[in-house]
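Engineer: The following file, data_31.cif, comprises mmCIF, C-alpha atoms:
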data_work
loop_
_atom_site.group_PDB
_atom_site.id
_atom_site.type_symbol
_atom_site.label_atom_id
_atom_site.label_comp_id
_atom_site.auth_asym_id
_atom_site.auth_seq_id
_atom_site.Cartn_x
_atom_site.Cartn_y
_atom_site.Cartn_z
ATOM 1 C CA TYR A 1115 -39.794 35.575 -27.309
ATOM 2 C CA PRO A 1116 -40.606 37.319 -24.051
ATOM 3 C CA LEU A 1117 -36.932 37.496 -23.159
ATOM 4 C CA GLU A 1118 -36.958 37.388 -19.405
ATOM 5 C CA MET A 1119 -33.821 36.107 -17.747
ATOM 6 C CA GLY A 1120 -35.168 32.541 -17.519
ATOM 7 C CA THR A 1121 -35.918 32.441 -21.216
ATOM 8 C CA VAL A 1122 -32.430 33.545 -22.211
ATOM 9 C CA ILE A 1123 -30.891 30.839 -20.069
ATOM 10 C CA GLU A 1124 -33.317 28.262 -21.508
ATOM 11 C CA LEU A 1125 -32.520 29.488 -25.011
ATOM 12 C CA LYS A 1126 -28.820 29.143 -24.323
ATOM 13 C CA GLN A 1127 -29.392 25.644 -22.971
ATOM 14 C CA LYS A 1128 -31.335 24.691 -26.099
ATOM 15 C CA ILE A 1129 -28.602 26.057 -28.353
ATOM 16 C CA ASN A 1130 -25.907 24.249 -26.383
ATOM 17 C CA ASP A 1131 -27.850 20.991 -26.495
ATOM 18 C CA SER A 1132 -28.364 21.025 -30.256
ATOM 19 C CA TYR A 1133 -24.769 22.135 -30.800
ATOM 20 C CA ASN A 1134 -23.467 19.293 -28.626
ATOM 21 C CA ASP A 1135 -25.763 16.777 -30.343
ATOM 22 C CA LEU A 1136 -24.405 17.786 -33.749
ATOM 23 C CA LYS A 1137 -20.869 17.690 -32.412
ATOM 24 C CA LEU A 1138 -21.328 14.176 -31.028
ATOM 25 C CA LEU A 1139 -22.568 12.958 -34.415
ATOM 26 C CA VAL A 1140 -19.303 13.869 -36.141
ATOM 27 C CA ASP A 1141 -16.927 14.011 -33.204
ATOM 28 C CA GLN A 1142 -14.151 11.793 -34.565
ATOM 29 C CA LYS A 1143 -14.204 13.593 -37.888
ATOM 30 C CA LEU A 1144 -13.994 16.983 -36.152
ATOM 31 C CA ALA A 1145 -10.795 15.865 -34.425
ATOM 32 C CA LEU A 1146 -9.431 14.938 -37.856
ATOM 33 C CA VAL A 1147 -10.322 18.413 -39.169
ATOM 34 C CA ASP A 1148 -8.280 19.990 -36.367
ATOM 35 C CA GLU A 1149 -5.352 17.693 -37.143
ATOM 36 C CA LYS A 1150 -5.579 18.478 -40.858
ATOM 37 C CA ILE A 1151 -5.562 22.224 -40.164
ATOM 38 C CA LYS A 1152 -2.560 21.931 -37.830
ATOM 39 C CA SER A 1153 -0.512 19.882 -40.285
ATOM 40 C CA LYS A 1154 -1.461 22.122 -43.214
ATOM 41 C CA LEU A 1155 -0.438 25.285 -41.370
ATOM 42 C CA SER A 1156 2.916 24.123 -40.044
ATOM 43 C CA SER A 1157 5.662 26.455 -41.207
ATOM 44 C CA ASP A 1158 9.467 26.804 -41.120
ATOM 45 C CA VAL A 1159 8.987 30.428 -40.110
ATOM 46 C CA SER A 1160 8.870 30.298 -36.329
ATOM 47 C CA LEU A 1161 6.741 33.431 -35.949
ATOM 48 C CA VAL A 1162 4.116 32.039 -38.346
ATOM 49 C CA GLU A 1163 4.133 28.802 -36.360
ATOM 50 C CA LYS A 1164 3.730 30.731 -33.092
ATOM 51 C CA MET A 1165 0.879 32.938 -34.288
ATOM 52 C CA VAL A 1166 -1.013 30.139 -36.000
ATOM 53 C CA SER A 1167 -0.922 27.874 -32.966
ATOM 54 C CA TYR A 1168 -1.958 30.772 -30.698
ATOM 55 C CA HIS A 1169 -4.906 31.589 -32.969
ATOM 56 C CA LEU A 1170 -6.034 27.979 -33.343
ATOM 57 C CA ASN A 1171 -5.891 27.385 -29.594
ATOM 58 C CA SER A 1172 -8.087 30.376 -28.831
ATOM 59 C CA GLY A 1173 -11.220 28.228 -29.036
ATOM 60 C CA GLY A 1174 -14.108 28.700 -31.422
ATOM 61 C CA LYS A 1175 -17.070 26.430 -31.992
ATOM 62 C CA ARG A 1176 -16.047 25.142 -35.458
ATOM 63 C CA ILE A 1177 -19.665 25.587 -36.545
ATOM 64 C CA ARG A 1178 -18.805 25.815 -40.245
ATOM 65 C CA ALA A 1179 -16.729 22.636 -40.104
ATOM 66 C CA LEU A 1180 -19.572 20.922 -38.227
ATOM 67 C CA LEU A 1181 -22.006 21.949 -40.957
ATOM 68 C CA THR A 1182 -19.735 20.525 -43.655
ATOM 69 C CA LEU A 1183 -19.297 17.235 -41.793
ATOM 70 C CA GLY A 1184 -22.961 17.092 -40.774
ATOM 71 C CA SER A 1185 -24.306 17.714 -44.270
ATOM 72 C CA SER A 1186 -21.859 15.138 -45.709
ATOM 73 C CA LYS A 1187 -23.108 12.596 -43.199
ATOM 74 C CA LEU A 1188 -26.720 13.527 -43.924
ATOM 75 C CA CYS A 1189 -26.073 12.887 -47.617
ATOM 76 C CA GLY A 1190 -24.540 9.489 -46.881
ATOM 77 C CA TYR A 1191 -20.901 10.321 -47.624
ATOM 78 C CA THR A 1192 -18.784 7.506 -46.147
ATOM 79 C CA LYS A 1193 -15.852 6.776 -48.449
ATOM 80 C CA GLY A 1194 -12.731 8.874 -48.276
ATOM 81 C CA THR A 1195 -11.639 12.018 -46.449
ATOM 82 C CA ARG A 1196 -12.955 14.774 -48.695
ATOM 83 C CA ASP A 1197 -15.475 15.853 -46.040
ATOM 84 C CA VAL A 1198 -12.647 16.351 -43.515
ATOM 85 C CA ASN A 1199 -10.406 18.190 -46.006
ATOM 86 C CA LEU A 1200 -13.155 20.513 -47.180
ATOM 87 C CA ALA A 1201 -14.369 21.172 -43.633
ATOM 88 C CA ALA A 1202 -10.765 22.210 -42.866
ATOM 89 C CA CYS A 1203 -10.809 24.471 -45.953
ATOM 90 C CA ILE A 1204 -13.981 26.211 -44.868
ATOM 91 C CA GLU A 1205 -12.620 26.688 -41.329
ATOM 92 C CA LEU A 1206 -9.465 28.234 -42.809
ATOM 93 C CA ILE A 1207 -11.439 30.701 -44.924
ATOM 94 C CA HIS A 1208 -13.394 31.666 -41.795
ATOM 95 C CA ASN A 1209 -10.269 32.066 -39.661
ATOM 96 C CA ALA A 1210 -8.478 34.096 -42.315
ATOM 97 C CA THR A 1211 -11.394 36.534 -42.375
ATOM 98 C CA LEU A 1212 -11.305 36.769 -38.553
ATOM 99 C CA LEU A 1213 -7.626 37.761 -38.614
ATOM 100 C CA HIS A 1214 -8.345 40.446 -41.203
ATOM 101 C CA ASP A 1215 -11.517 41.584 -39.422
ATOM 102 C CA ASP A 1216 -9.709 42.179 -36.163
ATOM 103 C CA VAL A 1217 -7.420 44.628 -37.938
ATOM 104 C CA ILE A 1218 -10.310 46.385 -39.702
ATOM 105 C CA ASP A 1219 -12.352 46.619 -36.492
ATOM 106 C CA LYS A 1220 -9.343 47.514 -34.328
ATOM 107 C CA SER A 1221 -10.495 44.707 -32.021
ATOM 108 C CA ILE A 1222 -8.388 43.853 -28.987
ATOM 109 C CA ILE A 1223 -10.060 40.712 -27.703
ATOM 110 C CA ARG A 1224 -11.662 37.713 -29.401
ATOM 111 C CA ARG A 1225 -13.201 34.787 -27.495
ATOM 112 C CA GLY A 1226 -11.927 36.230 -24.238
ATOM 113 C CA LYS A 1227 -8.252 36.260 -25.289
ATOM 114 C CA LYS A 1228 -6.018 38.953 -26.732
ATOM 115 C CA ASN A 1229 -6.051 39.004 -30.534
ATOM 116 C CA ILE A 1230 -3.062 38.267 -32.721
ATOM 117 C CA ASN A 1231 -2.969 41.917 -33.828
ATOM 118 C CA THR A 1232 -2.889 43.037 -30.190
ATOM 119 C CA ILE A 1233 0.140 40.851 -29.464
ATOM 120 C CA TRP A 1234 2.077 40.823 -32.746
ATOM 121 C CA GLY A 1235 0.668 43.862 -34.574
ATOM 122 C CA ASN A 1236 -1.556 44.497 -37.590
ATOM 123 C CA GLN A 1237 1.012 43.611 -40.257
ATOM 124 C CA SER A 1238 1.501 40.115 -38.838
ATOM 125 C CA SER A 1239 -2.233 39.592 -38.459
ATOM 126 C CA ILE A 1240 -2.910 40.451 -42.102
ATOM 127 C CA LEU A 1241 -0.028 38.347 -43.399
ATOM 128 C CA VAL A 1242 -1.009 35.306 -41.340
ATOM 129 C CA GLY A 1243 -4.581 35.713 -42.629
ATOM 130 C CA ASP A 1244 -3.159 35.658 -46.153
ATOM 131 C CA TYR A 1245 -1.113 32.580 -45.275
ATOM 132 C CA LEU A 1246 -4.259 30.765 -44.071
ATOM 133 C CA LEU A 1247 -6.089 31.618 -47.297
ATOM 134 C CA SER A 1248 -3.182 30.469 -49.471
ATOM 135 C CA ARG A 1249 -2.942 27.140 -47.663
ATOM 136 C CA CYS A 1250 -6.680 26.753 -48.011
ATOM 137 C CA PHE A 1251 -6.508 27.256 -51.800
ATOM 138 C CA GLU A 1252 -3.757 24.642 -51.917
ATOM 139 C CA MET A 1253 -6.119 22.171 -50.232
ATOM 140 C CA MET A 1254 -8.955 23.005 -52.607
ATOM 141 C CA VAL A 1255 -6.705 22.288 -55.561
ATOM 142 C CA GLU A 1256 -5.671 18.986 -53.946
ATOM 143 C CA ASP A 1257 -9.367 18.066 -53.697
ATOM 144 C CA GLY A 1258 -9.434 18.293 -57.482
ATOM 145 C CA ASP A 1259 -13.148 19.056 -57.963
ATOM 146 C CA LEU A 1260 -13.425 22.162 -60.132
ATOM 147 C CA LYS A 1261 -17.013 22.869 -59.069
ATOM 148 C CA ILE A 1262 -16.013 22.934 -55.407
ATOM 149 C CA LEU A 1263 -12.949 25.036 -56.193
ATOM 150 C CA LYS A 1264 -15.228 27.482 -57.997
ATOM 151 C CA LEU A 1265 -17.774 27.536 -55.149
ATOM 152 C CA LEU A 1266 -15.225 28.149 -52.394
ATOM 153 C CA SER A 1267 -13.176 30.729 -54.284
ATOM 154 C CA SER A 1268 -16.271 32.726 -55.226
ATOM 155 C CA THR A 1269 -17.397 32.455 -51.589
ATOM 156 C CA SER A 1270 -14.102 34.040 -50.485
ATOM 157 C CA ALA A 1271 -14.646 36.856 -52.953
ATOM 158 C CA LYS A 1272 -18.193 37.433 -51.688
ATOM 159 C CA ILE A 1273 -17.038 37.627 -48.073
ATOM 160 C CA ALA A 1274 -14.484 40.305 -48.975
ATOM 161 C CA GLN A 1275 -17.157 42.270 -50.833
ATOM 162 C CA GLY A 1276 -19.478 42.004 -47.835
ATOM 163 C CA GLU A 1277 -16.790 43.485 -45.594
ATOM 164 C CA VAL A 1278 -16.267 46.391 -48.003
ATOM 165 C CA LEU A 1279 -20.013 46.976 -48.252
ATOM 166 C CA GLN A 1280 -20.156 47.139 -44.458
ATOM 167 C CA LEU A 1281 -17.339 49.709 -44.398
ATOM 168 C CA GLN A 1282 -19.108 51.720 -47.083
ATOM 169 C CA HIS A 1283 -22.199 51.990 -44.853
ATOM 170 C CA LYS A 1284 -20.357 52.570 -41.573
ATOM 171 C CA GLY A 1285 -22.321 54.815 -39.207
ATOM 172 C CA GLU A 1286 -25.250 55.087 -41.640
ATOM 173 C CA VAL A 1287 -28.191 54.754 -39.239
ATOM 174 C CA ASP A 1288 -30.859 55.187 -41.915
ATOM 175 C CA MET A 1289 -29.543 52.133 -43.752
ATOM 176 C CA LEU A 1290 -32.202 49.997 -45.415
ATOM 177 C CA GLU A 1291 -32.899 46.638 -43.853
ATOM 178 C CA GLU A 1292 -32.329 45.221 -47.344
ATOM 179 C CA THR A 1293 -28.758 46.574 -47.372
ATOM 180 C CA TYR A 1294 -28.105 45.096 -43.940
ATOM 181 C CA LEU A 1295 -29.318 41.679 -45.124
ATOM 182 C CA LYS A 1296 -27.087 41.988 -48.180
ATOM 183 C CA ILE A 1297 -24.096 42.681 -45.906
ATOM 184 C CA ILE A 1298 -24.710 39.797 -43.510
ATOM 185 C CA ASN A 1299 -25.519 37.469 -46.371
ATOM 186 C CA ALA A 1300 -22.118 38.141 -47.923
ATOM 187 C CA LYS A 1301 -20.232 38.382 -44.642
ATOM 188 C CA THR A 1302 -21.657 35.314 -42.908
ATOM 189 C CA ALA A 1303 -24.386 33.404 -44.725
ATOM 190 C CA VAL A 1304 -22.483 32.579 -47.934
ATOM 191 C CA LEU A 1305 -19.874 30.601 -46.005
ATOM 192 C CA PHE A 1306 -22.592 28.723 -44.087
ATOM 193 C CA SER A 1307 -24.367 27.864 -47.333
ATOM 194 C CA ALA A 1308 -21.103 26.790 -48.974
ATOM 195 C CA ALA A 1309 -20.457 24.512 -45.974
ATOM 196 C CA THR A 1310 -23.837 22.784 -46.230
ATOM 197 C CA LYS A 1311 -23.774 22.606 -50.039
ATOM 198 C CA VAL A 1312 -20.335 20.965 -50.097
ATOM 199 C CA GLY A 1313 -21.750 17.969 -48.214
ATOM 200 C CA ALA A 1314 -24.264 17.385 -51.008
ATOM 201 C CA MET A 1315 -21.667 17.996 -53.721
ATOM 202 C CA ILE A 1316 -19.168 15.376 -52.551
ATOM 203 C CA SER A 1317 -22.006 12.883 -52.113
ATOM 204 C CA LYS A 1318 -23.074 13.386 -55.749
ATOM 205 C CA LYS A 1319 -26.577 14.412 -54.742
ATOM 206 C CA THR A 1320 -29.099 15.856 -57.202
ATOM 207 C CA GLU A 1321 -29.228 19.564 -57.993
ATOM 208 C CA LYS A 1322 -32.470 19.826 -55.998
ATOM 209 C CA GLU A 1323 -30.869 18.374 -52.863
ATOM 210 C CA ARG A 1324 -27.804 20.586 -53.255
ATOM 211 C CA GLU A 1325 -30.031 23.646 -53.477
ATOM 212 C CA ALA A 1326 -32.070 22.572 -50.442
ATOM 213 C CA LEU A 1327 -28.922 22.286 -48.305
ATOM 214 C CA GLU A 1328 -27.551 25.546 -49.658
ATOM 215 C CA PHE A 1329 -30.849 27.277 -48.808
ATOM 216 C CA TYR A 1330 -30.773 25.826 -45.296
ATOM 217 C CA GLY A 1331 -27.175 26.986 -44.772
ATOM 218 C CA LYS A 1332 -27.935 30.483 -45.991
ATOM 219 C CA ASN A 1333 -30.915 30.898 -43.655
ATOM 220 C CA LEU A 1334 -29.021 29.459 -40.728
ATOM 221 C CA GLY A 1335 -26.198 31.925 -41.452
ATOM 222 C CA LEU A 1336 -28.563 34.909 -41.582
ATOM 223 C CA THR A 1337 -30.227 33.794 -38.350
ATOM 224 C CA PHE A 1338 -26.851 33.259 -36.712
ATOM 225 C CA GLN A 1339 -25.681 36.765 -37.614
ATOM 226 C CA ILE A 1340 -28.923 38.517 -36.635
ATOM 227 C CA ALA A 1341 -28.806 36.720 -33.263
ATOM 228 C CA ASP A 1342 -25.167 37.735 -32.817
ATOM 229 C CA ASP A 1343 -25.876 41.378 -33.717
ATOM 230 C CA THR A 1344 -28.850 41.405 -31.345
ATOM 231 C CA LEU A 1345 -26.800 39.997 -28.469
ATOM 232 C CA ASP A 1346 -24.593 43.069 -28.751
ATOM 233 C CA TYR A 1347 -27.460 45.182 -27.414
ATOM 234 C CA ASN A 1348 -29.114 42.635 -25.153
ATOM 235 C CA ALA A 1349 -28.512 43.496 -21.517
ATOM 236 C CA ASN A 1350 -28.825 39.775 -20.719
ATOM 237 C CA SER A 1351 -26.012 38.871 -23.069
ATOM 238 C CA LYS A 1352 -23.507 38.664 -20.212
ATOM 239 C CA ILE A 1353 -24.780 35.093 -19.857
ATOM 240 C CA PHE A 1354 -23.463 34.448 -23.365
ATOM 241 C CA GLY A 1355 -20.066 35.819 -22.384
ATOM 242 C CA LYS A 1356 -20.205 38.651 -24.913
ATOM 243 C CA ARG A 1357 -19.082 42.183 -24.203
ATOM 244 C CA ILE A 1358 -22.043 44.452 -24.774
ATOM 245 C CA GLY A 1359 -21.833 47.357 -27.237
ATOM 246 C CA GLN A 1360 -18.846 46.284 -29.316
ATOM 247 C CA ASP A 1361 -20.582 46.891 -32.666
ATOM 248 C CA PHE A 1362 -21.859 50.186 -31.292
ATOM 249 C CA TYR A 1363 -18.379 51.496 -30.438
ATOM 250 C CA GLU A 1364 -17.175 50.436 -33.907
ATOM 251 C CA SER A 1365 -20.068 52.366 -35.571
ATOM 252 C CA LYS A 1366 -21.381 49.169 -37.148
ATOM 253 C CA VAL A 1367 -25.019 49.655 -38.032
ATOM 254 C CA THR A 1368 -26.863 46.385 -37.404
ATOM 255 C CA LEU A 1369 -30.513 45.330 -37.238
ATOM 256 C CA PRO A 1370 -31.208 46.600 -33.673
ATOM 257 C CA ILE A 1371 -30.060 50.093 -34.693
ATOM 258 C CA ILE A 1372 -31.875 50.048 -38.040
ATOM 259 C CA LEU A 1373 -35.189 49.103 -36.370
ATOM 260 C CA THR A 1374 -34.696 51.595 -33.510
ATOM 261 C CA PHE A 1375 -33.999 54.407 -35.963
ATOM 262 C CA GLN A 1376 -37.065 53.524 -38.048
ATOM 263 C CA GLN A 1377 -39.374 53.667 -35.018
ATOM 264 C CA ALA A 1378 -37.811 56.606 -33.175
ATOM 265 C CA ASN A 1379 -39.406 60.056 -33.112
ATOM 266 C CA ASN A 1380 -37.686 62.977 -34.859
ATOM 267 C CA THR A 1381 -35.702 64.161 -31.843
ATOM 268 C CA GLU A 1382 -34.524 60.631 -31.125
ATOM 269 C CA LYS A 1383 -33.624 60.125 -34.792
ATOM 270 C CA LYS A 1384 -31.440 63.248 -34.698
ATOM 271 C CA ASN A 1385 -29.735 62.073 -31.496
ATOM 272 C CA ILE A 1386 -29.068 58.599 -32.890
ATOM 273 C CA LYS A 1387 -27.573 60.130 -36.043
ATOM 274 C CA ASN A 1388 -25.312 62.443 -34.041
ATOM 275 C CA ILE A 1389 -24.131 59.645 -31.754
ATOM 276 C CA PHE A 1390 -23.172 57.442 -34.702
ATOM 277 C CA LEU A 1391 -21.277 60.319 -36.342
ATOM 278 C CA LYS A 1392 -19.043 60.694 -33.276
ATOM 279 C CA GLU A 1393 -15.488 59.379 -33.541
ATOM 280 C CA GLU A 1394 -15.382 58.496 -29.839
ATOM 281 C CA LYS A 1395 -18.605 57.262 -28.279
ATOM 282 C CA THR A 1396 -19.151 57.231 -24.521
ATOM 283 C CA LYS A 1397 -20.856 54.891 -22.079
ATOM 284 C CA ASN A 1398 -23.644 57.501 -21.847
ATOM 285 C CA ASP A 1399 -24.171 57.298 -25.602
ATOM 286 C CA LEU A 1400 -24.525 53.525 -25.364
ATOM 287 C CA ASN A 1401 -26.947 53.835 -22.454
ATOM 288 C CA TYR A 1402 -29.085 56.276 -24.470
ATOM 289 C CA ILE A 1403 -29.297 53.775 -27.341
ATOM 290 C CA LEU A 1404 -30.044 50.894 -24.929
ATOM 291 C CA LYS A 1405 -32.906 52.930 -23.419
ATOM 292 C CA LEU A 1406 -34.449 53.429 -26.876
ATOM 293 C CA ILE A 1407 -33.983 49.748 -27.707
ATOM 294 C CA SER A 1408 -35.847 48.889 -24.541
ATOM 295 C CA LYS A 1409 -38.521 51.572 -25.148
ATOM 296 C CA TYR A 1410 -39.395 50.197 -28.599
ATOM 297 C CA LYS A 1411 -38.967 46.514 -27.593
ATOM 298 C CA ILE A 1412 -36.397 46.076 -30.346
ATOM 299 C CA ILE A 1413 -34.740 42.920 -28.989
ATOM 300 C CA ASN A 1414 -37.993 40.950 -29.382
ATOM 301 C CA GLN A 1415 -38.465 42.262 -32.910
ATOM 302 C CA CYS A 1416 -34.969 41.124 -33.842
ATOM 303 C CA TYR A 1417 -35.519 37.648 -32.445
ATOM 304 C CA ASN A 1418 -38.825 37.405 -34.301
ATOM 305 C CA LYS A 1419 -37.012 38.356 -37.472
#
Translate this file's structure into structure tokens.
Structural biologist:
Amino acid sequence: YPLEMGTVIELKQKINDSYNDLKLLVDQKLALVDEKIKSKLSSDVSLVEKMVSYHLNSGGKRIRALLTLGSSKLCGYTKGTRDVNLAACIELIHNATLLHDDVIDKSIIRRGKKNINTIWGNQSSILVGDYLLSRCFEMMVEDGDLKILKLLSSTSAKIAQGEVLQLQHKGEVDMLEETYLKIINAKTAVLFSAATKVGAMISKKTEKEREALEFYGKNLGLTFQIADDTLDYNANSKIFGKRIGQDFYESKVTLPIILTFQQANNTEKKNIKNIFLKEEKTKNDLNYILKLISKYKIINQCYNK
């Protein structure tokens, strides 16, 4: 990946094309997922209603729902609405974790709009996240398949553990790559693999086919997260509409930092360590890190990974 400007734009085009192709395949079903989520989350409490509709209208690609619908279609699922209901479930788990994450990360903006916690405060954000999860568990019970209930509830537990593991290693620049992969597997990949596996489960596919889809989902999730973490340090990422350096300011140690630290000389290592120990990091600190990332050609290494 010689990531000149042209390549990044081409890459984005490729991603958009395949995303749109997948979306077109299951378009009508995706609309049903959105409807299901809206009806499931309606509440007599006006503030809940307000916050939920604000959050749901803030965009998002619905990738996890698309994976559920896409893998169901791939496995030949045609009868019934379990694919739609479970895609809605998986979206709800994802959105609940976003609401909690924004509080943990003290984020102000998500997808270009103010977060719920910025407008209504942390307490509301956490409680609405809990509300989403509770509604989601209700839907899983309605589905009635104990194996799926077990899969999705253990997935929720893994995501929470991944978040705690990330907190435990906050600012730790000499983190092992293995630990990083463990974190992003729990934080991101397990929900992707649950989404793809569910499609095979409701279609009564063999164990081998279930495992193949689960494996695909996991690897796609890892790739997705590594790409996202890399974009945070990629000077060209303005094209992707992402604010550069967000993970950096939150002291999140991700693959670009791990690889930079491993390859840096002793003086640089010391500087990186000191920067990540700082409570308040400056623009100069970020620029120093970006220089090292460029010096050691880290972005390319991450994309190769």
Engineer: Would you mind telling me which residue in A:Thr1182, A:Asn1348, A:Ile1123, A:Arg1196 lies nearest to Gly1258 (chain A) when using all atoms listed in the file?
Structural biologist: A:Arg1196
Engineer: So which residues get picked by the PyMOL selection byres ((chain A and resi 1283) around 10) here, written as JSON, numbers by chain?
Structural biologist: {"A": [1278, 1279, 1280, 1281, 1282, 1284, 1285, 1286, 1287, 1288, 1289, 1293, 1294, 1297, 1365, 1366, 1367]}
Engineer: List as JSON lines every residue of region 1198-1290 of chain A that is in contact with region 1184-1189 of chain A, defined as an atom at most 12 Å from one of its atoms (using all atoms listed in the file), together with the nearest atom pair and the distance in Å rounded to one decimal, sorted by chain and then rising number.
Structural biologist:
{"residue": "A:Val1198", "atom": "CA", "partner": "A:Ser1186", "partner_atom": "CA", "distance": 9.5}
{"residue": "A:Asn1199", "atom": "CA", "partner": "A:Ser1186", "partner_atom": "CA", "distance": 11.9}
{"residue": "A:Leu1200", "atom": "CA", "partner": "A:Ser1186", "partner_atom": "CA", "distance": 10.3}
{"residue": "A:Ala1201", "atom": "CA", "partner": "A:Ser1186", "partner_atom": "CA", "distance": 9.8}
Engineer: Could you make a table, as JSON lines, of the residues of region 1220-1249 of chain A that have an atom within 12 Å of an atom of region 1151-1157 of chain A, each with its nearest atom pair and distance in Å to one decimal, counting all atoms listed in the file, in chain and number order?
Structural biologist:
{"residue": "A:Val1242", "atom": "CA", "partner": "A:Leu1155", "partner_atom": "CA", "distance": 10.0}
{"residue": "A:Gly1243", "atom": "CA", "partner": "A:Leu1155", "partner_atom": "CA", "distance": 11.3}
{"residue": "A:Asp1244", "atom": "CA", "partner": "A:Leu1155", "partner_atom": "CA", "distance": 11.7}
{"residue": "A:Tyr1245", "atom": "CA", "partner": "A:Leu1155", "partner_atom": "CA", "distance": 8.3}
{"residue": "A:Leu1246", "atom": "CA", "partner": "A:Leu1155", "partner_atom": "CA", "distance": 7.2}
{"residue": "A:Leu1247", "atom": "CA", "partner": "A:Leu1155", "partner_atom": "CA", "distance": 10.4}
{"residue": "A:Ser1248", "atom": "CA", "partner": "A:Leu1155", "partner_atom": "CA", "distance": 10.0}
{"residue": "A:Arg1249", "atom": "CA", "partner": "A:Lys1154", "partner_atom": "CA", "distance": 6.9}
Engineer: Using only C-alpha atoms, collect all residues at a distance of at most 9 Å from (-35.7, 46.3, -32.6) as written in the file, then present them as a JSON list (two decimals) with C-alpha atoms, in the frame of the given file.
Structural biologist:
[["chain", "number", "residue", "atom", "x", "y", "z"],
["A", 1344, "THR", "CA", -28.85, 41.40, -31.34],
["A", 1369, "LEU", "CA", -30.51, 45.33, -37.24],
["A", 1370, "PRO", "CA", -31.21, 46.60, -33.67],
["A", 1371, "ILE", "CA", -30.06, 50.09, -34.69],
["A", 1372, "ILE", "CA", -31.88, 50.05, -38.04],
["A", 1373, "LEU", "CA", -35.19, 49.10, -36.37],
["A", 1374, "THR", "CA", -34.70, 51.60, -33.51],
["A", 1375, "PHE", "CA", -34.00, 54.41, -35.96],
["A", 1377, "GLN", "CA", -39.37, 53.67, -35.02],
["A", 1407, "ILE", "CA", -33.98, 49.75, -27.71],
["A", 1408, "SER", "CA", -35.85, 48.89, -24.54],
["A", 1410, "TYR", "CA", -39.40, 50.20, -28.60],
["A", 1411, "LYS", "CA", -38.97, 46.51, -27.59],
["A", 1412, "ILE", "CA", -36.40, 46.08, -30.35],
["A", 1413, "ILE", "CA", -34.74, 42.92, -28.99],
["A", 1414, "ASN", "CA", -37.99, 40.95, -29.38],
["A", 1415, "GLN", "CA", -38.47, 42.26, -32.91],
["A", 1416, "CYS", "CA", -34.97, 41.12, -33.84],
["A", 1417, "TYR", "CA", -35.52, 37.65, -32.44]]
Engineer: Report, in Å with one decimal, the straight-line distance from CA of Lys1143 (chain A) to CA of Leu1183 (chain A).
Structural biologist: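 For CA of Lys1143 (chain A) relative to CA of Leu1183 (chain A), the distance reads 7.4 Å.
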Engineer: One decimal, in Å: what's the spacing between CA of Leu1146 (chain A) and CA of Lys1332 (chain A)?
Structural biologist: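 Taking CA of Leu1146 (chain A) and CA of Lys1332 (chain A), their separation equals 25.5 Å.
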Engineer: CA of Asp1215 (chain A) and CA of Glu1277 (chain A) are how many Å apart?
Structural biologist: 8.3 Å
